[in-house]
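Structure file entry.pdb; described as PDB, C-alpha atoms (C1' of nucleotides).
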ATOM      1  CA  MET W   1     101.450 104.692 109.652  1.00  0.00           C
ATOM      2  CA  ARG W   2     100.612 104.868 106.003  1.00  0.00           C
ATOM      3  CA  ARG W   3      99.001 101.591 105.069  1.00  0.00           C
ATOM      4  CA  VAL W   4      98.183 102.627 101.532  1.00  0.00           C
ATOM      5  CA  SER W   5     100.742 101.179  99.156  1.00  0.00           C
ATOM      6  CA  LEU W   6     101.735 102.099  95.629  1.00  0.00           C
ATOM      7  CA  THR W   7     100.635  98.637  94.549  1.00  0.00           C
ATOM      8  CA  HIS W   8      97.154  99.340  95.823  1.00  0.00           C
ATOM      9  CA  ILE W   9      97.065 102.652  94.015  1.00  0.00           C
ATOM     10  CA  GLN W  10      98.275 101.048  90.814  1.00  0.00           C
ATOM     11  CA  SER W  11      95.625  98.376  91.146  1.00  0.00           C
ATOM     12  CA  PHE W  12      92.971 100.979  91.730  1.00  0.00           C
ATOM     13  CA  VAL W  13      93.877 102.899  88.594  1.00  0.00           C
ATOM     14  CA  ALA W  14      93.819  99.748  86.500  1.00  0.00           C
ATOM     15  CA  VAL W  15      90.402  98.723  87.803  1.00  0.00           C
ATOM     16  CA  ALA W  16      89.062 102.233  87.368  1.00  0.00           C
ATOM     17  CA  GLU W  17      90.194 102.273  83.758  1.00  0.00           C
ATOM     18  CA  GLU W  18      88.988  98.784  82.917  1.00  0.00           C
ATOM     19  CA  CYS W  19      85.779  98.867  84.956  1.00  0.00           C
ATOM     20  CA  ASN W  20      86.443  95.176  85.434  1.00  0.00           C
ATOM     21  CA  VAL W  21      88.617  93.393  87.966  1.00  0.00           C
ATOM     22  CA  GLY W  22      89.481  90.431  85.774  1.00  0.00           C
ATOM     23  CA  ARG W  23      90.710  92.551  82.867  1.00  0.00           C
ATOM     24  CA  ALA W  24      92.636  94.832  85.200  1.00  0.00           C
ATOM     25  CA  ALA W  25      94.265  91.789  86.715  1.00  0.00           C
ATOM     26  CA  ARG W  26      95.461  90.569  83.319  1.00  0.00           C
ATOM     27  CA  ARG W  27      96.818  94.006  82.554  1.00  0.00           C
ATOM     28  CA  LEU W  28      98.789  93.960  85.807  1.00  0.00           C
ATOM     29  CA  HIS W  29      99.952  90.362  85.263  1.00  0.00           C
ATOM     30  CA  LEU W  30      98.049  89.348  88.348  1.00  0.00           C
ATOM     31  CA  THR W  31      95.023  87.189  89.109  1.00  0.00           C
ATOM     32  CA  GLN W  32      91.599  88.423  90.089  1.00  0.00           C
ATOM     33  CA  PRO W  33      91.446  87.540  93.807  1.00  0.00           C
ATOM     34  CA  PRO W  34      94.455  89.561  94.989  1.00  0.00           C
ATOM     35  CA  LEU W  35      93.273  92.490  92.920  1.00  0.00           C
ATOM     36  CA  THR W  36      89.842  92.342  94.539  1.00  0.00           C
ATOM     37  CA  ARG W  37      91.594  92.373  97.880  1.00  0.00           C
ATOM     38  CA  HIS W  38      93.711  95.380  96.909  1.00  0.00           C
ATOM     39  CA  ILE W  39      90.579  97.367  96.215  1.00  0.00           C
ATOM     40  CA  GLN W  40      88.997  96.191  99.434  1.00  0.00           C
ATOM     41  CA  ALA W  41      92.081  97.141 101.416  1.00  0.00           C
ATOM     42  CA  LEU W  42      92.133 100.562  99.814  1.00  0.00           C
ATOM     43  CA  GLU W  43      88.470 101.180 100.521  1.00  0.00           C
ATOM     44  CA  ASP W  44      88.959  99.942 104.027  1.00  0.00           C
ATOM     45  CA  GLU W  45      91.924 102.235 104.585  1.00  0.00           C
ATOM     46  CA  LEU W  46      90.114 105.260 103.183  1.00  0.00           C
ATOM     47  CA  GLY W  47      86.964 104.436 105.092  1.00  0.00           C
ATOM     48  CA  ALA W  48      84.750 104.751 102.058  1.00  0.00           C
ATOM     49  CA  PRO W  49      83.838 102.621  99.037  1.00  0.00           C
ATOM     50  CA  LEU W  50      85.425 103.727  95.779  1.00  0.00           C
ATOM     51  CA  PHE W  51      83.446 101.569  93.356  1.00  0.00           C
ATOM     52  CA  GLU W  52      79.920 100.499  92.829  1.00  0.00           C
ATOM     53  CA  ARG W  53      79.717  96.770  92.086  1.00  0.00           C
ATOM     54  CA  THR W  54      77.491  96.213  89.111  1.00  0.00           C
ATOM     55  CA  ARG W  55      76.489  93.098  87.251  1.00  0.00           C
ATOM     56  CA  THR W  56      78.992  93.820  84.507  1.00  0.00           C
ATOM     57  CA  GLY W  57      81.869  94.986  86.673  1.00  0.00           C
ATOM     58  CA  MET W  58      82.932  98.013  88.649  1.00  0.00           C
ATOM     59  CA  ARG W  59      81.828 101.617  88.281  1.00  0.00           C
ATOM     60  CA  LEU W  60      83.582 104.535  89.955  1.00  0.00           C
ATOM     61  CA  LEU W  61      81.729 106.330  92.711  1.00  0.00           C
ATOM     62  CA  PRO W  62      82.318 110.081  93.261  1.00  0.00           C
ATOM     63  CA  THR W  63      84.862 109.164  95.927  1.00  0.00           C
ATOM     64  CA  GLY W  64      86.614 106.977  93.380  1.00  0.00           C
ATOM     65  CA  GLU W  65      86.626 109.741  90.787  1.00  0.00           C
ATOM     66  CA  ALA W  66      88.212 112.084  93.300  1.00  0.00           C
ATOM     67  CA  PHE W  67      90.796 109.526  94.308  1.00  0.00           C
ATOM     68  CA  LEU W  68      91.650 108.704  90.709  1.00  0.00           C
ATOM     69  CA  LEU W  69      92.944 112.208  90.060  1.00  0.00           C
ATOM     70  CA  HIS W  70      95.319 111.991  92.991  1.00  0.00           C
ATOM     71  CA  ALA W  71      96.274 108.412  92.224  1.00  0.00           C
ATOM     72  CA  ARG W  72      97.471 109.297  88.738  1.00  0.00           C
ATOM     73  CA  ARG W  73      99.454 112.217  90.087  1.00  0.00           C
ATOM     74  CA  ILE W  74     101.095 110.015  92.701  1.00  0.00           C
ATOM     75  CA  LEU W  75     102.176 107.413  90.176  1.00  0.00           C
ATOM     76  CA  ALA W  76     103.420 110.088  87.810  1.00  0.00           C
ATOM     77  CA  GLU W  77     105.413 111.684  90.597  1.00  0.00           C
ATOM     78  CA  VAL W  78     107.016 108.358  91.460  1.00  0.00           C
ATOM     79  CA  ASP W  79     108.021 107.882  87.847  1.00  0.00           C
ATOM     80  CA  ALA W  80     109.415 111.394  87.747  1.00  0.00           C
ATOM     81  CA  ALA W  81     111.374 110.769  90.916  1.00  0.00           C
ATOM     82  CA  MET W  82     113.026 107.681  89.505  1.00  0.00           C
ATOM     83  CA  LEU W  83     113.842 109.387  86.225  1.00  0.00           C
ATOM     84  CA  THR W  84     115.279 112.393  88.005  1.00  0.00           C
ATOM     85  CA  VAL W  85     117.562 110.306  90.181  1.00  0.00           C
ATOM     86  CA  ARG W  86     118.803 108.344  87.221  1.00  0.00           C
ATOM     87  CA  ASP W  87     119.368 111.525  85.326  1.00  0.00           C
ATOM     88  CA  VAL W  88     121.344 113.152  88.128  1.00  0.00           C
ATOM     89  CA  ALA W  89     123.333 109.987  88.734  1.00  0.00           C
ATOM     90  CA  GLY W  90     124.038 109.594  85.025  1.00  0.00           C
ATOM     91  CA  THR W  91     125.055 113.211  84.601  1.00  0.00           C
ATOM     92  CA  ARG W  92     127.580 112.983  87.378  1.00  0.00           C
ATOM     93  CA  SER W  93     129.004 109.548  86.706  1.00  0.00           C
ATOM     94  CA  GLY W  94     128.750 109.581  82.925  1.00  0.00           C
ATOM     95  CA  GLY W  95     130.067 113.089  82.271  1.00  0.00           C
TER      96      GLY W  95
ATOM     97  CA  MET U  96     106.490  96.435  88.386  1.00  0.00           C
ATOM     98  CA  ARG U  97     107.014  99.281  90.762  1.00  0.00           C
ATOM     99  CA  ARG U  98     109.124  97.947  93.612  1.00  0.00           C
ATOM    100  CA  VAL U  99     109.464 101.295  95.307  1.00  0.00           C
ATOM    101  CA  SER U 100     107.018 101.483  98.172  1.00  0.00           C
ATOM    102  CA  LEU U 101     105.600 104.381 100.149  1.00  0.00           C
ATOM    103  CA  THR U 102     107.227 102.900 103.233  1.00  0.00           C
ATOM    104  CA  HIS U 103     110.623 103.165 101.568  1.00  0.00           C
ATOM    105  CA  ILE U 104     109.957 106.738 100.587  1.00  0.00           C
ATOM    106  CA  GLN U 105     108.825 107.612 104.074  1.00  0.00           C
ATOM    107  CA  SER U 106     111.931 105.998 105.511  1.00  0.00           C
ATOM    108  CA  PHE U 107     114.097 107.907 103.100  1.00  0.00           C
ATOM    109  CA  VAL U 108     112.616 111.253 104.073  1.00  0.00           C
ATOM    110  CA  ALA U 109     113.065 110.521 107.764  1.00  0.00           C
ATOM    111  CA  VAL U 110     116.707 109.542 107.314  1.00  0.00           C
ATOM    112  CA  ALA U 111     117.346 112.530 105.096  1.00  0.00           C
ATOM    113  CA  GLU U 112     115.935 114.856 107.709  1.00  0.00           C
ATOM    114  CA  GLU U 113     117.680 113.237 110.660  1.00  0.00           C
ATOM    115  CA  CYS U 114     120.967 112.490 108.907  1.00  0.00           C
ATOM    116  CA  ASN U 115     121.018 109.467 111.166  1.00  0.00           C
ATOM    117  CA  VAL U 116     119.425 106.053 110.753  1.00  0.00           C
ATOM    118  CA  GLY U 117     118.935 105.354 114.441  1.00  0.00           C
ATOM    119  CA  ARG U 118     117.125 108.610 115.139  1.00  0.00           C
ATOM    120  CA  ALA U 119     114.996 108.223 112.024  1.00  0.00           C
ATOM    121  CA  ALA U 120     114.080 104.739 113.167  1.00  0.00           C
ATOM    122  CA  ARG U 121     112.864 106.023 116.506  1.00  0.00           C
ATOM    123  CA  ARG U 122     110.843 108.669 114.758  1.00  0.00           C
ATOM    124  CA  LEU U 123     109.193 106.022 112.610  1.00  0.00           C
ATOM    125  CA  HIS U 124     108.655 103.659 115.556  1.00  0.00           C
ATOM    126  CA  LEU U 125     110.955 101.178 113.931  1.00  0.00           C
ATOM    127  CA  THR U 126     114.364  99.725 114.703  1.00  0.00           C
ATOM    128  CA  GLN U 127     117.565 100.574 112.889  1.00  0.00           C
ATOM    129  CA  PRO U 128     118.186  97.407 110.837  1.00  0.00           C
ATOM    130  CA  PRO U 129     114.961  97.414 108.799  1.00  0.00           C
ATOM    131  CA  LEU U 130     115.436 101.110 108.150  1.00  0.00           C
ATOM    132  CA  THR U 131     118.946 100.521 106.865  1.00  0.00           C
ATOM    133  CA  ARG U 132     117.466  97.899 104.567  1.00  0.00           C
ATOM    134  CA  HIS U 133     114.788 100.298 103.319  1.00  0.00           C
ATOM    135  CA  ILE U 134     117.461 102.731 102.237  1.00  0.00           C
ATOM    136  CA  GLN U 135     119.485  99.985 100.637  1.00  0.00           C
ATOM    137  CA  ALA U 136     116.450  98.689  98.768  1.00  0.00           C
ATOM    138  CA  LEU U 137     115.652 102.171  97.534  1.00  0.00           C
ATOM    139  CA  GLU U 138     119.177 102.790  96.353  1.00  0.00           C
ATOM    140  CA  ASP U 139     119.206  99.402  94.716  1.00  0.00           C
ATOM    141  CA  GLU U 140     115.921 100.067  92.942  1.00  0.00           C
ATOM    142  CA  LEU U 141     117.034 103.480  91.725  1.00  0.00           C
ATOM    143  CA  GLY U 142     120.414 102.176  90.690  1.00  0.00           C
ATOM    144  CA  ALA U 143     122.289 104.908  92.514  1.00  0.00           C
ATOM    145  CA  PRO U 144     123.325 105.676  96.086  1.00  0.00           C
ATOM    146  CA  LEU U 145     121.326 108.418  97.763  1.00  0.00           C
ATOM    147  CA  PHE U 146     123.446 108.951 100.847  1.00  0.00           C
ATOM    148  CA  GLU U 147     127.059 109.220 101.734  1.00  0.00           C
ATOM    149  CA  ARG U 148     127.859 107.183 104.834  1.00  0.00           C
ATOM    150  CA  THR U 149     129.922 109.257 107.191  1.00  0.00           C
ATOM    151  CA  ARG U 150     131.325 108.539 110.565  1.00  0.00           C
ATOM    152  CA  THR U 151     128.547 110.453 112.281  1.00  0.00           C
ATOM    153  CA  GLY U 152     125.652 109.319 110.112  1.00  0.00           C
ATOM    154  CA  MET U 153     124.232 109.850 106.664  1.00  0.00           C
ATOM    155  CA  ARG U 154     124.636 112.813 104.345  1.00  0.00           C
ATOM    156  CA  LEU U 155     122.521 113.358 101.253  1.00  0.00           C
ATOM    157  CA  LEU U 156     124.223 113.039  97.901  1.00  0.00           C
ATOM    158  CA  PRO U 157     123.032 115.152  94.955  1.00  0.00           C
ATOM    159  CA  THR U 158     120.904 112.209  93.847  1.00  0.00           C
ATOM    160  CA  GLY U 159     119.375 112.129  97.315  1.00  0.00           C
ATOM    161  CA  GLU U 160     118.677 115.854  97.258  1.00  0.00           C
ATOM    162  CA  ALA U 161     116.886 115.449  93.955  1.00  0.00           C
ATOM    163  CA  PHE U 162     114.898 112.495  95.185  1.00  0.00           C
ATOM    164  CA  LEU U 163     113.929 114.247  98.389  1.00  0.00           C
ATOM    165  CA  LEU U 164     111.969 116.910  96.512  1.00  0.00           C
ATOM    166  CA  HIS U 165     109.908 114.291  94.734  1.00  0.00           C
ATOM    167  CA  ALA U 166     109.560 112.149  97.844  1.00  0.00           C
ATOM    168  CA  ARG U 167     107.976 114.958  99.813  1.00  0.00           C
ATOM    169  CA  ARG U 168     105.598 115.691  96.983  1.00  0.00           C
ATOM    170  CA  ILE U 169     104.578 112.050  96.750  1.00  0.00           C
ATOM    171  CA  LEU U 170     103.805 111.789 100.447  1.00  0.00           C
ATOM    172  CA  ALA U 171     101.911 115.077 100.384  1.00  0.00           C
ATOM    173  CA  GLU U 172      99.890 113.873  97.419  1.00  0.00           C
ATOM    174  CA  VAL U 173      98.991 110.669  99.239  1.00  0.00           C
ATOM    175  CA  ASP U 174      97.829 112.653 102.233  1.00  0.00           C
ATOM    176  CA  ALA U 175      95.811 114.922  99.974  1.00  0.00           C
ATOM    177  CA  ALA U 176      94.236 111.919  98.283  1.00  0.00           C
ATOM    178  CA  MET U 177      93.094 110.456 101.579  1.00  0.00           C
ATOM    179  CA  LEU U 178      91.749 113.763 102.806  1.00  0.00           C
ATOM    180  CA  THR U 179      89.905 114.366  99.554  1.00  0.00           C
ATOM    181  CA  VAL U 180      88.221 110.985  99.621  1.00  0.00           C
ATOM    182  CA  ARG U 181      87.147 111.431 103.206  1.00  0.00           C
ATOM    183  CA  ASP U 182      85.861 114.876 102.391  1.00  0.00           C
ATOM    184  CA  VAL U 183      83.842 113.707  99.406  1.00  0.00           C
ATOM    185  CA  ALA U 184      82.515 110.727 101.318  1.00  0.00           C
ATOM    186  CA  GLY U 185      81.627 112.883 104.307  1.00  0.00           C
ATOM    187  CA  THR U 186      79.955 115.521 102.183  1.00  0.00           C
ATOM    188  CA  ARG U 187      77.707 112.985 100.507  1.00  0.00           C
ATOM    189  CA  SER U 188      76.859 110.836 103.495  1.00  0.00           C
ATOM    190  CA  GLY U 189      76.851 113.553 106.156  1.00  0.00           C
ATOM    191  CA  GLY U 190      74.822 116.170 104.358  1.00  0.00           C
TER     192      GLY U 190
ATOM    193  C1'  DG L 191     142.630  99.057 125.605  1.00  0.00           C
ATOM    194  C1'  DG L 192     137.811  99.566 127.333  1.00  0.00           C
ATOM    195  C1'  DG L 193     133.480 102.122 126.214  1.00  0.00           C
ATOM    196  C1'  DG L 194     130.222 104.228 123.202  1.00  0.00           C
ATOM    197  C1'  DG L 195     128.383 105.904 118.848  1.00  0.00           C
ATOM    198  C1'  DC L 196     127.566 104.795 114.025  1.00  0.00           C
ATOM    199  C1'  DC L 197     125.838 101.682 109.915  1.00  0.00           C
ATOM    200  C1'  DA L 198     125.780  96.792 108.027  1.00  0.00           C
ATOM    201  C1'  DT L 199     124.801  91.898 108.276  1.00  0.00           C
ATOM    202  C1'  DA L 200     123.066  87.048 109.902  1.00  0.00           C
ATOM    203  C1'  DC L 201     119.417  84.795 111.471  1.00  0.00           C
ATOM    204  C1'  DC L 202     114.657  83.720 112.788  1.00  0.00           C
ATOM    205  C1'  DG L 203     109.730  83.935 113.724  1.00  0.00           C
ATOM    206  C1'  DA L 204     105.576  86.333 112.281  1.00  0.00           C
ATOM    207  C1'  DA L 205     102.834  88.717 109.094  1.00  0.00           C
ATOM    208  C1'  DA L 206     101.573  89.655 104.238  1.00  0.00           C
ATOM    209  C1'  DC L 207     100.910  88.162  99.756  1.00  0.00           C
ATOM    210  C1'  DA L 208      99.617  85.724  95.392  1.00  0.00           C
ATOM    211  C1'  DG L 209      97.431  81.880  93.407  1.00  0.00           C
ATOM    212  C1'  DC L 210      94.119  78.034  93.231  1.00  0.00           C
ATOM    213  C1'  DA L 211      89.689  76.427  93.941  1.00  0.00           C
ATOM    214  C1'  DT L 212      85.293  77.553  95.094  1.00  0.00           C
ATOM    215  C1'  DT L 213      81.213  80.238  96.415  1.00  0.00           C
ATOM    216  C1'  DG L 214      77.380  83.325  95.670  1.00  0.00           C
ATOM    217  C1'  DG L 215      74.635  86.647  93.078  1.00  0.00           C
ATOM    218  C1'  DA L 216      72.466  88.388  88.678  1.00  0.00           C
ATOM    219  C1'  DC L 217      71.130  87.740  84.089  1.00  0.00           C
ATOM    220  C1'  DG L 218      69.942  85.263  79.458  1.00  0.00           C
ATOM    221  C1'  DC L 219      68.432  81.190  77.303  1.00  0.00           C
ATOM    222  C1'  DC L 220      65.695  77.373  76.332  1.00  0.00           C
TER     223       DC L 220
ATOM    224  C1'  DG M 221      61.838  77.152  86.238  1.00  0.00           C
ATOM    225  C1'  DG M 222      66.309  74.749  85.740  1.00  0.00           C
ATOM    226  C1'  DC M 223      71.046  75.671  83.378  1.00  0.00           C
ATOM    227  C1'  DG M 224      75.075  77.904  81.781  1.00  0.00           C
ATOM    228  C1'  DT M 225      77.614  82.207  81.991  1.00  0.00           C
ATOM    229  C1'  DC M 226      79.914  86.201  83.721  1.00  0.00           C
ATOM    230  C1'  DC M 227      81.053  88.805  87.452  1.00  0.00           C
ATOM    231  C1'  DA M 228      83.227  89.848  92.269  1.00  0.00           C
ATOM    232  C1'  DA M 229      84.105  87.727  96.896  1.00  0.00           C
ATOM    233  C1'  DT M 230      86.096  84.261 100.009  1.00  0.00           C
ATOM    234  C1'  DG M 231      88.660  79.944 102.187  1.00  0.00           C
ATOM    235  C1'  DC M 232      92.774  77.951 102.125  1.00  0.00           C
ATOM    236  C1'  DT M 233      97.766  77.188 101.479  1.00  0.00           C
ATOM    237  C1'  DG M 234     102.675  77.705 100.137  1.00  0.00           C
ATOM    238  C1'  DT M 235     105.899  81.213  99.651  1.00  0.00           C
ATOM    239  C1'  DT M 236     107.846  85.483 100.183  1.00  0.00           C
ATOM    240  C1'  DT M 237     108.546  89.667 102.682  1.00  0.00           C
ATOM    241  C1'  DC M 238     109.430  92.002 106.734  1.00  0.00           C
ATOM    242  C1'  DG M 239     110.714  93.538 111.348  1.00  0.00           C
ATOM    243  C1'  DG M 240     113.252  92.452 115.630  1.00  0.00           C
ATOM    244  C1'  DT M 241     117.269  90.526 118.122  1.00  0.00           C
ATOM    245  C1'  DA M 242     121.938  89.804 118.286  1.00  0.00           C
ATOM    246  C1'  DT M 243     126.237  90.711 116.401  1.00  0.00           C
ATOM    247  C1'  DG M 244     130.095  92.572 113.635  1.00  0.00           C
ATOM    248  C1'  DG M 245     133.330  96.188 111.934  1.00  0.00           C
ATOM    249  C1'  DC M 246     134.799 100.994 112.128  1.00  0.00           C
ATOM    250  C1'  DC M 247     136.165 105.120 114.330  1.00  0.00           C
ATOM    251  C1'  DC M 248     136.687 108.440 118.101  1.00  0.00           C
ATOM    252  C1'  DC M 249     137.304 109.531 123.050  1.00  0.00           C
ATOM    253  C1'  DC M 250     139.076 108.826 127.469  1.00  0.00           C
TER     254       DC M 250
END
Represent the supplied structure as C-alpha cells.
Amino acid sequence: MRRVSLTHIQSFVAVAEECNVGRAARRLHLTQPPLTRHIQALEDELGAPLFERTRTGMRLLPTGEAFLLHARRILAEVDAAMLTVRDVAGTRSGG
Amino acid sequence: MRRVSLTHIQSFVAVAEECNVGRAARRLHLTQPPLTRHIQALEDELGAPLFERTRTGMRLLPTGEAFLLHARRILAEVDAAMLTVRDVAGTRSGG
DNA sequence: GGGGGCCATACCGAAACAGCATTGGACGCC
DNA sequence: GGCGTCCAATGCTGTTTCGGTATGGCCCCC
C-alpha cells in the first residue's frame, strides 16, 4: 500500500524550500523532530536519500530535485480537487 | 492543514469504481467499517457528499464525478514521483 | 417472519504521531 | 585546546488516530 502521505510531501517541500529543518518546522507550525522523521520516512519509502545533510542545513540531491517537481504538482492537484468539489457543490446547491 | 490523505483518496477511487463499500474494502485488503469512515471523512473535509447511498451500494454524485478525475491524477502523480526518484537514484548509483 | 445483502455506528486494543529533552557532530572564538 | 553555538538525529512518553469485531437499521426475497 501507499505509505507516502500528503503530510510527508508537504514537509518535504517546506524543507526543500527552506534548506533547514527548523525553519521549515516553524513554517508548518510543527517542531523539528517530527519533521526530521517525515523526511526520513519519505527517504526510506523511496529507497533513496533526498537531501544532503550539511553543516548549515539540508541541500537537495538530484533525487530530491526530481521529487520536488512531482511533489508540487501533487499538492497543487489536491488543492484543485478540493476547489473543484466545492465549486460543483456550490453551483448545484447555491443556484 | 491538509487533512485529506492519500489513503482517503485511494479509498474513494476504489469505492467509486466498485459502487460498493464491501467490495472496495476487499480490494484494498481492508474491512468495510474503516472504509466507510474514510469516505465520511473525505466528504466531511470537502464539505459536500460525494456519493448517493442506494439500496444496492454507492452511486457517484456530480461532486464525486468531479473529484474522481482529480483523485486519479493525484494517485498517478504519486506513482510517477516514486518511479522518477527510483530512476534517478538508480541511474546515478547503478551506472 | 426468517435470511441475506447493504451501509452506519459503538467500542476497544494497537499502531502512529507530535512534543520534550537530550545527544552527537561540525565550526568559530578566545 | 576547551567552550558556546547551530544544526539534524534519537529516546521517551502521552495522546490521538486507526483498523477490526460486533452490532444495528433498512430493504428485498422467499
Report, as lines of an AutoDock Vina configuration file, the axis-aligned box around all atoms of region 170-180 of chain U present in the file, extended by 3 Å on each side; give centre and edge lengths in Å to one decimal place.
center_x = 96.0
center_y = 112.8
center_z = 100.1
size_x = 21.6
size_y = 10.6
size_z = 11.4
Evaluating the PyMOL selection byres ((chain U) within 12 of (chain L)) on the displayed file yields which residues, as a list in words?
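With the PyMOL selection byres ((chain U) within 12 of (chain L)) on this model, the match is Cys114, Asn115, Val116, Gly117, Arg118, Gln127, Pro128, Pro129, Leu130, Thr131, Arg132, Ile134, Gln135, Phe146, Glu147, Arg148, Thr149, Arg150, Thr151, Gly152 and Met153 of chain U.
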Exactly which residues make up the result of the PyMOL selection byres ((chain M) within 9 of (chain U)) on this file, given as a PyMOL selection string?
chain M and resi 238-240+246-247
Explicit residue set for the PyMOL selection byres ((chain W) within 12 of (chain U)), as a PyMOL selection string:
chain W and resi 1-11+27-30+42-50+61-93
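Counting from CA of Ala25 (chain W), the distance to CA of Ala136 (chain U) is 26.2 Å.
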Could you state the separation of CA of Val108 (chain U) and C1' of DC248 (chain M) in Å, given to one decimal place?
28.0 Å
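Atom pair CA of His38 (chain W) / C1' of DC227 (chain M) has a distance of 17.1 Å (rounded to one decimal).
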